[in-house]
Each structure stands twice: as C-alpha cells, then as structure tokens.
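What follows is start07.txt (compact mmCIF, C-alpha atoms).
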```txt
# COMPACT_ATOMS: atom_id res chain seq x y z
CA MET T 1 -121.10 -123.97 87.19
CA THR T 2 -118.80 -121.20 88.28
CA LEU T 3 -116.44 -119.66 85.74
CA LEU T 4 -113.38 -117.71 86.85
CA TYR T 5 -111.09 -115.52 84.75
CA PHE T 6 -107.64 -114.21 85.64
CA ALA T 7 -105.10 -111.67 84.36
CA TRP T 8 -105.71 -110.55 80.74
CA VAL T 9 -108.45 -113.13 80.27
CA ARG T 10 -110.34 -111.33 83.07
CA GLN T 11 -109.64 -107.93 81.51
CA LYS T 12 -110.77 -108.94 78.01
CA ILE T 13 -113.98 -110.57 79.28
CA GLY T 14 -114.58 -107.69 81.69
CA LYS T 15 -115.38 -109.75 84.79
CA SER T 16 -113.56 -112.05 87.18
CA GLU T 17 -116.35 -114.51 87.85
CA GLU T 18 -119.77 -115.63 86.62
CA ALA T 19 -122.27 -118.36 87.34
CA MET T 20 -123.69 -120.32 84.41
CA ALA T 21 -125.90 -123.36 83.92
CA LEU T 22 -124.04 -126.09 82.02
CA PRO T 23 -124.88 -125.17 78.41
CA ALA T 24 -126.54 -127.82 76.25
CA GLY T 25 -124.04 -129.84 74.24
CA VAL T 26 -121.05 -128.84 76.40
CA ALA T 27 -119.08 -131.90 77.55
CA THR T 28 -115.47 -130.65 77.73
CA ALA T 29 -113.55 -127.48 78.54
CA ALA T 30 -113.00 -127.00 74.78
CA ASP T 31 -116.78 -127.16 74.22
CA LEU T 32 -117.20 -124.56 76.95
CA ILE T 33 -114.72 -122.23 75.23
CA ALA T 34 -116.62 -122.66 71.94
CA HIS T 35 -119.84 -121.75 73.77
CA LEU T 36 -118.30 -118.70 75.49
CA ARG T 37 -117.01 -117.41 72.14
CA ARG T 38 -120.63 -116.96 71.07
CA LEU T 39 -121.37 -114.65 74.04
CA GLY T 40 -119.70 -111.48 72.80
CA PRO T 41 -116.59 -109.75 71.49
CA GLY T 42 -114.80 -109.78 74.87
CA TYR T 43 -114.96 -113.57 74.93
CA VAL T 44 -113.94 -113.79 71.27
CA ASP T 45 -110.90 -111.64 72.06
CA ALA T 46 -110.00 -113.57 75.24
CA PHE T 47 -110.15 -116.95 73.49
CA ALA T 48 -108.74 -115.80 70.12
CA ASP T 49 -105.60 -117.92 70.57
CA GLU T 50 -106.33 -121.08 72.56
CA SER T 51 -102.62 -121.93 72.75
CA ARG T 52 -102.32 -118.99 75.19
CA ILE T 53 -105.14 -120.23 77.44
CA ARG T 54 -104.66 -122.50 80.45
CA ILE T 55 -107.54 -124.24 82.22
CA ALA T 56 -108.14 -125.38 85.79
CA ILE T 57 -111.16 -127.49 86.69
CA ASN T 58 -112.00 -127.56 90.41
CA GLN T 59 -108.64 -125.88 91.06
CA LYS T 60 -106.55 -128.52 89.28
CA HIS T 61 -104.63 -127.87 86.08
CA SER T 62 -106.60 -129.51 83.28
CA ARG T 63 -106.58 -129.92 79.53
CA SER T 64 -109.09 -128.69 77.01
CA ASP T 65 -110.36 -132.26 76.46
CA THR T 66 -111.15 -132.69 80.19
CA ALA T 67 -114.86 -133.22 80.95
CA VAL T 68 -116.79 -130.45 82.69
CA ALA T 69 -119.93 -130.93 84.83
CA ALA T 70 -122.72 -128.72 86.15
CA ASN T 71 -121.18 -128.09 89.58
CA ASP T 72 -117.61 -127.55 88.45
CA GLU T 73 -115.48 -124.47 89.06
CA VAL T 74 -113.75 -123.81 85.74
CA ALA T 75 -110.99 -121.20 85.51
CA PHE T 76 -109.40 -119.76 82.37
CA PHE T 77 -106.09 -117.87 82.53
CA PRO T 78 -102.82 -117.16 80.71
CA PRO T 79 -99.70 -119.28 81.33
CA VAL T 80 -98.60 -118.57 84.92
CA THR T 81 -95.76 -116.12 85.66
CA GLY T 82 -95.12 -116.23 89.41
CA GLY T 83 -91.87 -116.66 91.27
CA MET I 1 -92.22 -132.68 107.82
CA LYS I 2 -93.07 -129.09 108.71
CA THR I 3 -94.73 -127.22 105.83
CA ARG I 4 -95.49 -123.52 105.79
CA ILE I 5 -97.17 -121.98 102.71
CA VAL I 6 -98.17 -118.33 102.86
CA ILE I 7 -99.52 -115.89 100.28
CA GLN I 8 -99.33 -112.33 101.59
CA THR I 9 -99.03 -108.70 100.52
CA GLU I 10 -96.50 -107.76 103.21
CA ASP I 11 -92.76 -108.41 103.21
CA PHE I 12 -91.19 -111.32 105.11
CA SER I 13 -88.14 -111.81 107.30
CA LEU I 14 -85.63 -114.32 105.98
CA ASP I 15 -84.04 -114.66 109.45
CA ALA I 16 -87.35 -115.42 111.15
CA GLU I 17 -88.30 -117.99 108.50
CA ILE I 18 -84.96 -119.83 108.67
CA ALA I 19 -85.10 -119.74 112.49
CA ALA I 20 -88.55 -121.36 112.39
CA LEU I 21 -87.31 -124.11 110.04
CA THR I 22 -84.35 -124.96 112.27
CA ALA I 23 -86.13 -124.53 115.65
CA THR I 24 -86.46 -128.28 116.16
CA GLY I 25 -82.71 -128.72 115.80
CA ASP I 26 -83.16 -131.64 113.37
CA PRO I 27 -81.88 -130.24 110.08
CA GLY I 28 -78.19 -129.81 109.40
CA ALA I 29 -78.89 -127.84 106.26
CA VAL I 30 -81.27 -125.15 105.07
CA ALA I 31 -81.11 -123.88 101.49
CA SER I 32 -83.20 -120.88 100.54
CA PHE I 33 -83.98 -118.83 97.45
CA THR I 34 -85.30 -115.28 97.57
CA GLY I 35 -86.65 -113.68 94.39
CA HIS I 36 -86.69 -109.90 93.98
CA VAL I 37 -88.29 -107.55 91.45
CA ARG I 38 -85.52 -106.84 88.93
CA LYS I 39 -84.60 -103.20 88.33
CA GLU I 40 -85.15 -103.07 84.60
CA GLY I 41 -85.24 -99.95 82.39
CA ASP I 42 -88.35 -97.90 83.09
CA LEU I 43 -90.11 -100.60 85.14
CA SER I 44 -91.89 -98.81 87.99
CA ALA I 45 -93.76 -101.72 89.59
CA LEU I 46 -95.07 -105.26 89.27
CA THR I 47 -98.59 -106.15 90.36
CA LEU I 48 -99.14 -109.80 91.22
CA GLU I 49 -102.51 -111.51 90.99
CA HIS I 50 -103.26 -115.11 92.00
CA TYR I 51 -106.01 -117.73 92.18
CA PRO I 52 -106.88 -117.96 95.90
CA HIS I 53 -107.13 -121.54 97.26
CA MET I 54 -105.76 -123.12 94.08
CA THR I 55 -102.44 -121.35 94.70
CA GLU I 56 -102.11 -122.87 98.16
CA SER I 57 -103.24 -126.35 97.06
CA GLU I 58 -100.97 -126.34 94.01
CA ILE I 59 -97.94 -125.29 96.09
CA ALA I 60 -98.82 -127.98 98.68
CA ARG I 61 -98.85 -130.55 95.87
CA ILE I 62 -95.39 -129.37 94.70
CA VAL I 63 -94.07 -129.55 98.29
CA ASP I 64 -95.44 -133.11 98.65
CA ASP I 65 -93.71 -134.06 95.42
CA ALA I 66 -90.42 -132.60 96.73
CA ALA I 67 -90.84 -134.47 100.04
CA SER I 68 -91.23 -137.74 98.14
CA ARG I 69 -87.91 -137.11 96.34
CA TRP I 70 -85.70 -135.86 99.20
CA PRO I 71 -85.64 -136.48 102.98
CA LEU I 72 -86.81 -133.02 104.04
CA THR I 73 -87.54 -131.91 107.60
CA GLY I 74 -89.28 -128.69 106.59
CA VAL I 75 -90.30 -126.48 103.68
CA THR I 76 -91.40 -122.84 103.70
CA VAL I 77 -92.85 -121.07 100.67
CA ILE I 78 -93.89 -117.42 100.92
CA HIS I 79 -95.16 -115.59 97.86
CA ARG I 80 -96.16 -111.94 97.88
CA ILE I 81 -99.06 -110.49 95.88
CA GLY I 82 -100.18 -106.96 95.09
CA ARG I 83 -97.98 -104.07 94.00
CA LEU I 84 -94.20 -104.47 94.34
CA ALA I 85 -91.48 -101.95 93.44
CA PRO I 86 -88.12 -102.84 91.84
CA GLY I 87 -85.77 -104.32 94.43
CA GLU I 88 -88.56 -105.64 96.65
CA ARG I 89 -88.71 -109.33 97.62
CA ILE I 90 -91.38 -111.38 95.81
CA VAL I 91 -90.81 -114.97 96.85
CA LEU I 92 -89.05 -117.14 99.41
CA VAL I 93 -88.51 -120.87 99.09
CA ALA I 94 -86.58 -122.60 101.88
CA ALA I 95 -85.93 -126.32 102.29
CA ALA I 96 -84.45 -127.97 105.38
CA SER I 97 -82.83 -131.39 105.47
CA LEU I 98 -80.12 -133.37 107.22
CA HIS I 99 -77.66 -132.71 104.41
CA ARG I 100 -76.98 -129.96 101.93
CA GLN I 101 -77.56 -131.86 98.66
CA ALA I 102 -81.21 -132.56 99.48
CA ALA I 103 -81.77 -128.98 100.65
CA PHE I 104 -80.17 -127.42 97.55
CA GLN I 105 -81.94 -129.71 95.10
CA ALA I 106 -85.34 -129.45 96.77
CA CYS I 107 -85.09 -125.67 96.78
CA GLU I 108 -84.39 -125.62 93.04
CA PHE I 109 -87.15 -128.14 92.33
CA LEU I 110 -89.70 -126.14 94.35
CA MET I 111 -88.80 -122.91 92.56
CA ASP I 112 -88.94 -124.50 89.09
CA PHE I 113 -92.40 -125.96 89.67
CA LEU I 114 -93.67 -122.88 91.48
CA LYS I 115 -92.80 -120.78 88.41
CA THR I 116 -94.60 -123.06 85.96
CA HIS I 117 -97.52 -124.41 88.04
CA ALA I 118 -98.53 -122.02 90.83
CA PRO I 119 -101.31 -119.73 89.52
CA PHE I 120 -99.74 -116.27 89.81
CA TRP I 121 -99.62 -113.59 87.12
CA LYS I 122 -97.42 -110.50 86.93
CA GLU I 123 -98.43 -107.22 85.35
CA GLU I 124 -95.66 -104.71 84.68
CA ALA I 125 -96.06 -100.93 84.88
CA ARG I 126 -93.65 -98.98 82.66
CA GLY I 127 -94.35 -95.25 82.55
CA SER I 128 -98.06 -94.98 81.76
CA GLU I 129 -98.13 -98.42 80.09
CA ARG I 130 -99.17 -101.65 81.78
CA HIS I 131 -98.74 -105.09 80.31
CA TRP I 132 -98.89 -108.72 81.41
CA VAL I 133 -95.60 -110.58 81.63
CA GLY I 134 -95.44 -113.57 79.27
CA ALA I 135 -94.33 -117.06 80.35
CA ARG I 136 -90.78 -118.08 79.43
CA ALA I 137 -89.95 -121.28 77.53
CA SER I 138 -86.77 -121.54 79.65
CA ASP I 139 -88.94 -121.93 82.77
CA ASP I 140 -90.85 -124.81 81.14
CA GLU I 141 -87.54 -126.43 80.19
CA ALA I 142 -86.27 -126.07 83.77
CA THR I 143 -89.36 -127.92 85.00
CA GLU I 144 -89.13 -130.56 82.30
CA ARG I 145 -85.64 -131.70 83.33
CA TRP I 146 -87.03 -133.04 86.66
CA ARG I 147 -89.31 -135.42 84.79
CA LYS I 148 -86.39 -137.30 83.22
```
Could you render the structure from this file as structure tokens?
Amino acid sequence: MTLLYFAWVRQKIGKSEEAMALPAGVATAADLIAHLRRLGPGYVDAFADESRIRIAINQKHSRSDTAVAANDEVAFFPPVTGG
Amino acid sequence: MKTRIVIQTEDFSLDAEIAALTATGDPGAVASFTGHVRKEGDLSALTLEHYPHMTESEIARIVDDAASRWPLTGVTVIHRIGRLAPGERIVLVAAASLHRQAAFQACEFLMDFLKTHAPFWKEEARGSERHWVGARASDDEATERWRK
C-alpha cells in the first residue's frame, strides 16, 4: 500500500509518502494507525491525538473504521483549511 | 453544464473567468466569490499545500452535488497553492444559472463544502514563526446547514 502524509502530519513523520506491505493484523485505518505508532517517535507524535487526524482511502474521505487493503492509497492529514 | 476546476500557483482574472462562463449566452445570472489572504497583524504570507488528484476529484464531487440541487449552466472553481502574500487572491468560485437565486445559493454551497472537504492546508508565516492554520467549527456548521 501507499501511505501519504500532509501538512503537520507530514512534518512530524518526516516524509510525504512511503510504500508498505499491508501489515499482519491490520484490517482498518484505525489498525493501521496503531501499527504506525509502533514505528517511531515521529509517528507517535503525529498520531498523538486521533481526533485531529483525517483519513482518505483511495482519495475519498473515510473513517477510521473503514477497511484498508494491500493496494490502497491511504492518506493521513489534519482537518482541511482551504478556501 | 460547463465545469472548470483548476488548481494553480498563478493568479487568475475574474473578468476572463466570468466571460468564459457567459460565452454561450445561456445564463442570465453569474454569482462569484473571491477569497483573499486577510491582512492580519504580523502575517507575512500563507503557504497552501494540497493533495493532488484528490483535490480535483473532491471539488468535482461538490460541483456535481451543487448541479443536482440547482439548475446551473456552468461552474468555475480556481484555487491557488504555494506562497501567497496578504491581499492576494486565493480562491474563486463562480456559478452561472438562468436566475440569480440558484447562482447565489450554489456559490455559497460550493464555498462551504470546498472549505470543509477539499484537501488544502494553510501554513501561516508570522515573523520567523510558521504554524498550520486550524479548522474552524463555524465552517463545519456552515456545511452542516445544507444537510437539513
């Protein structure tokens, strides 16, 4: 799967994009966040408050209980502030 | 319906965009909204980031939703990205229709959903400090009222 990070999520994690095999036991976006939190302090910091994280799966706004699959593009970002 | 969605770093011409929307001669009304970077205290610039492809598809979805609510002949959405100084234009939303009510309402609807759904983020520069702009509850409330 491809993971994308934007705005301060990108800054805290220290990269804008990474490729990852679907980790064992990960079925939903929330599971994926739990997995990422184990990868280092940048991830821990980025996902410290999940109420501030928004998720898009395959470029559609999604919820944390949405299923994720091996070929998905999953993006994590703060609430949007355009306009 | 004629739809034009553009994400660009450069400025846009309001006159040219309105002329393009009315070129067919069909609409009797065009309503437009232009957003600018507010001059605010020591704010020196905004830098806008977005999610390429999702931005365009999300705005297209919002435009489709607007077209299902009002009889529109055309919609143009232009959103700038990159570094913008106070006073500069950020966004243009223009809706064309036969009558003014549809054009006004569609314009407001498009702007409300663009603010809460289109994946853009603003970072402010104030002196040597930079920080990400937080989302406003009032924007969520503005979007929510269309669901009633």
Counting only C-alpha atoms, chain I residues within 9 Å of chain T, as a ChimeraX atom specification = /I:35-36,48-51,53-55,57-58,79,90-92,111-112,114-123,131-136
Have a look at I:Ser97, I:Thr76, I:Thr24, I:Ser138 and name the one nearest to Ile7 of chain I; count all atoms listed in the file.
-> I:Thr76
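Nearest to Val63 of chain I of all the residues I:Lys2, I:Arg130, I:His99, I:Arg80 is I:Lys2, based on only C-alpha atoms.
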Name the residues within 10 Å of (-85.4, -125.8, 94.1), counting only C-alpha atoms in the file's coordinates, and put them as a PyMOL selection string.
-> chain I and resi 31-33+66+93-95+102-114
Find, counting all atoms listed in the file, the residue in T:Ala19, T:Ala27, T:Ala46, T:Leu36 that gets nearest to Leu3 of chain T.
->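 That would be T:Ala19, the residue with the smallest distance to Leu3 of chain T.
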Kindly give the distance, in Å, that separates atom CA of Leu46 of chain I and atom CA of Glu17 of chain T, rounded to a single decimal.
->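 That distance, rounded to one decimal, is 23.2 Å.
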Rounded to one decimal place, report the atom CA of Ala125 of chain I-atom CA of Phe76 of chain T distance in Å.
->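 Atom-to-atom, atom CA of Ala125 of chain I and atom CA of Phe76 of chain T are spaced 23.2 Å apart.
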Record the distance separating atom CA of Leu21 of chain I and atom CA of Ile81 of chain I, expressed in Å with one decimal.
-> 22.9 Å
Extract, using all atoms listed in the file, all DNA, RNA and protein residues at most 7 Å from Tyr43 of chain T, discarding same-chain residues fewer than 6 positions from it, and format them as JSON, numbers by chain.
-> {"T": [12, 13, 36, 37]}
For Ala45 of chain I, list every protein, DNA or RNA residue within 10 Å, evaluated using all atoms listed in the file, and leave out those in the same chain fewer than 3 positions away; present the list as a CSV table (one decimal) with C-alpha atoms, keeping the file's coordinate frame.
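Below is the file result24.csv, written as the result:
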```csv
chain,number,residue,atom,x,y,z
I,37,VAL,CA,-88.3,-107.6,91.4
I,38,ARG,CA,-85.5,-106.8,88.9
I,39,LYS,CA,-84.6,-103.2,88.3
I,42,ASP,CA,-88.4,-97.9,83.1
I,48,LEU,CA,-99.1,-109.8,91.2
I,82,GLY,CA,-100.2,-107.0,95.1
I,83,ARG,CA,-98.0,-104.1,94.0
I,84,LEU,CA,-94.2,-104.5,94.3
I,85,ALA,CA,-91.5,-102.0,93.4
I,86,PRO,CA,-88.1,-102.8,91.8
I,87,GLY,CA,-85.8,-104.3,94.4
I,88,GLU,CA,-88.6,-105.6,96.6
I,122,LYS,CA,-97.4,-110.5,86.9
I,123,GLU,CA,-98.4,-107.2,85.4
I,124,GLU,CA,-95.7,-104.7,84.7
I,125,ALA,CA,-96.1,-100.9,84.9
I,126,ARG,CA,-93.6,-99.0,82.7
I,127,GLY,CA,-94.4,-95.2,82.6
I,130,ARG,CA,-99.2,-101.6,81.8
```
Counting all atoms listed in the file, note down every residue that has an atom within 9 Å of the point (-118.0, -125.7, 91.0) (file coordinates), as a ChimeraX atom specification.
-> /T:1-3,57-58,69-74
Saved selection, atoms kept: C-alpha atoms, as an mmCIF file, keeping the file's coordinate frame:
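For reference, out.cif as written:
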```
data_model
loop_
_atom_site.group_PDB
_atom_site.id
_atom_site.type_symbol
_atom_site.label_atom_id
_atom_site.label_comp_id
_atom_site.auth_asym_id
_atom_site.auth_seq_id
_atom_site.Cartn_x
_atom_site.Cartn_y
_atom_site.Cartn_z
ATOM 1 C CA MET T 1 -121.100 -123.970 87.190
ATOM 2 C CA THR T 2 -118.800 -121.200 88.280
ATOM 3 C CA LEU T 3 -116.440 -119.660 85.740
ATOM 4 C CA ILE T 57 -111.160 -127.490 86.690
ATOM 5 C CA ASN T 58 -112.000 -127.560 90.410
ATOM 6 C CA ALA T 69 -119.930 -130.930 84.830
ATOM 7 C CA ALA T 70 -122.720 -128.720 86.150
ATOM 8 C CA ASN T 71 -121.180 -128.090 89.580
ATOM 9 C CA ASP T 72 -117.610 -127.550 88.450
ATOM 10 C CA GLU T 73 -115.480 -124.470 89.060
ATOM 11 C CA VAL T 74 -113.750 -123.810 85.740
#
```
May I ask which of the residues T:Val68, T:Gly14, T:Ser62, T:Ala21 is the closest one to Pro41 of chain T, counting only C-alpha atoms?
->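 So, comparing all the options, the nearest one is T:Gly14.
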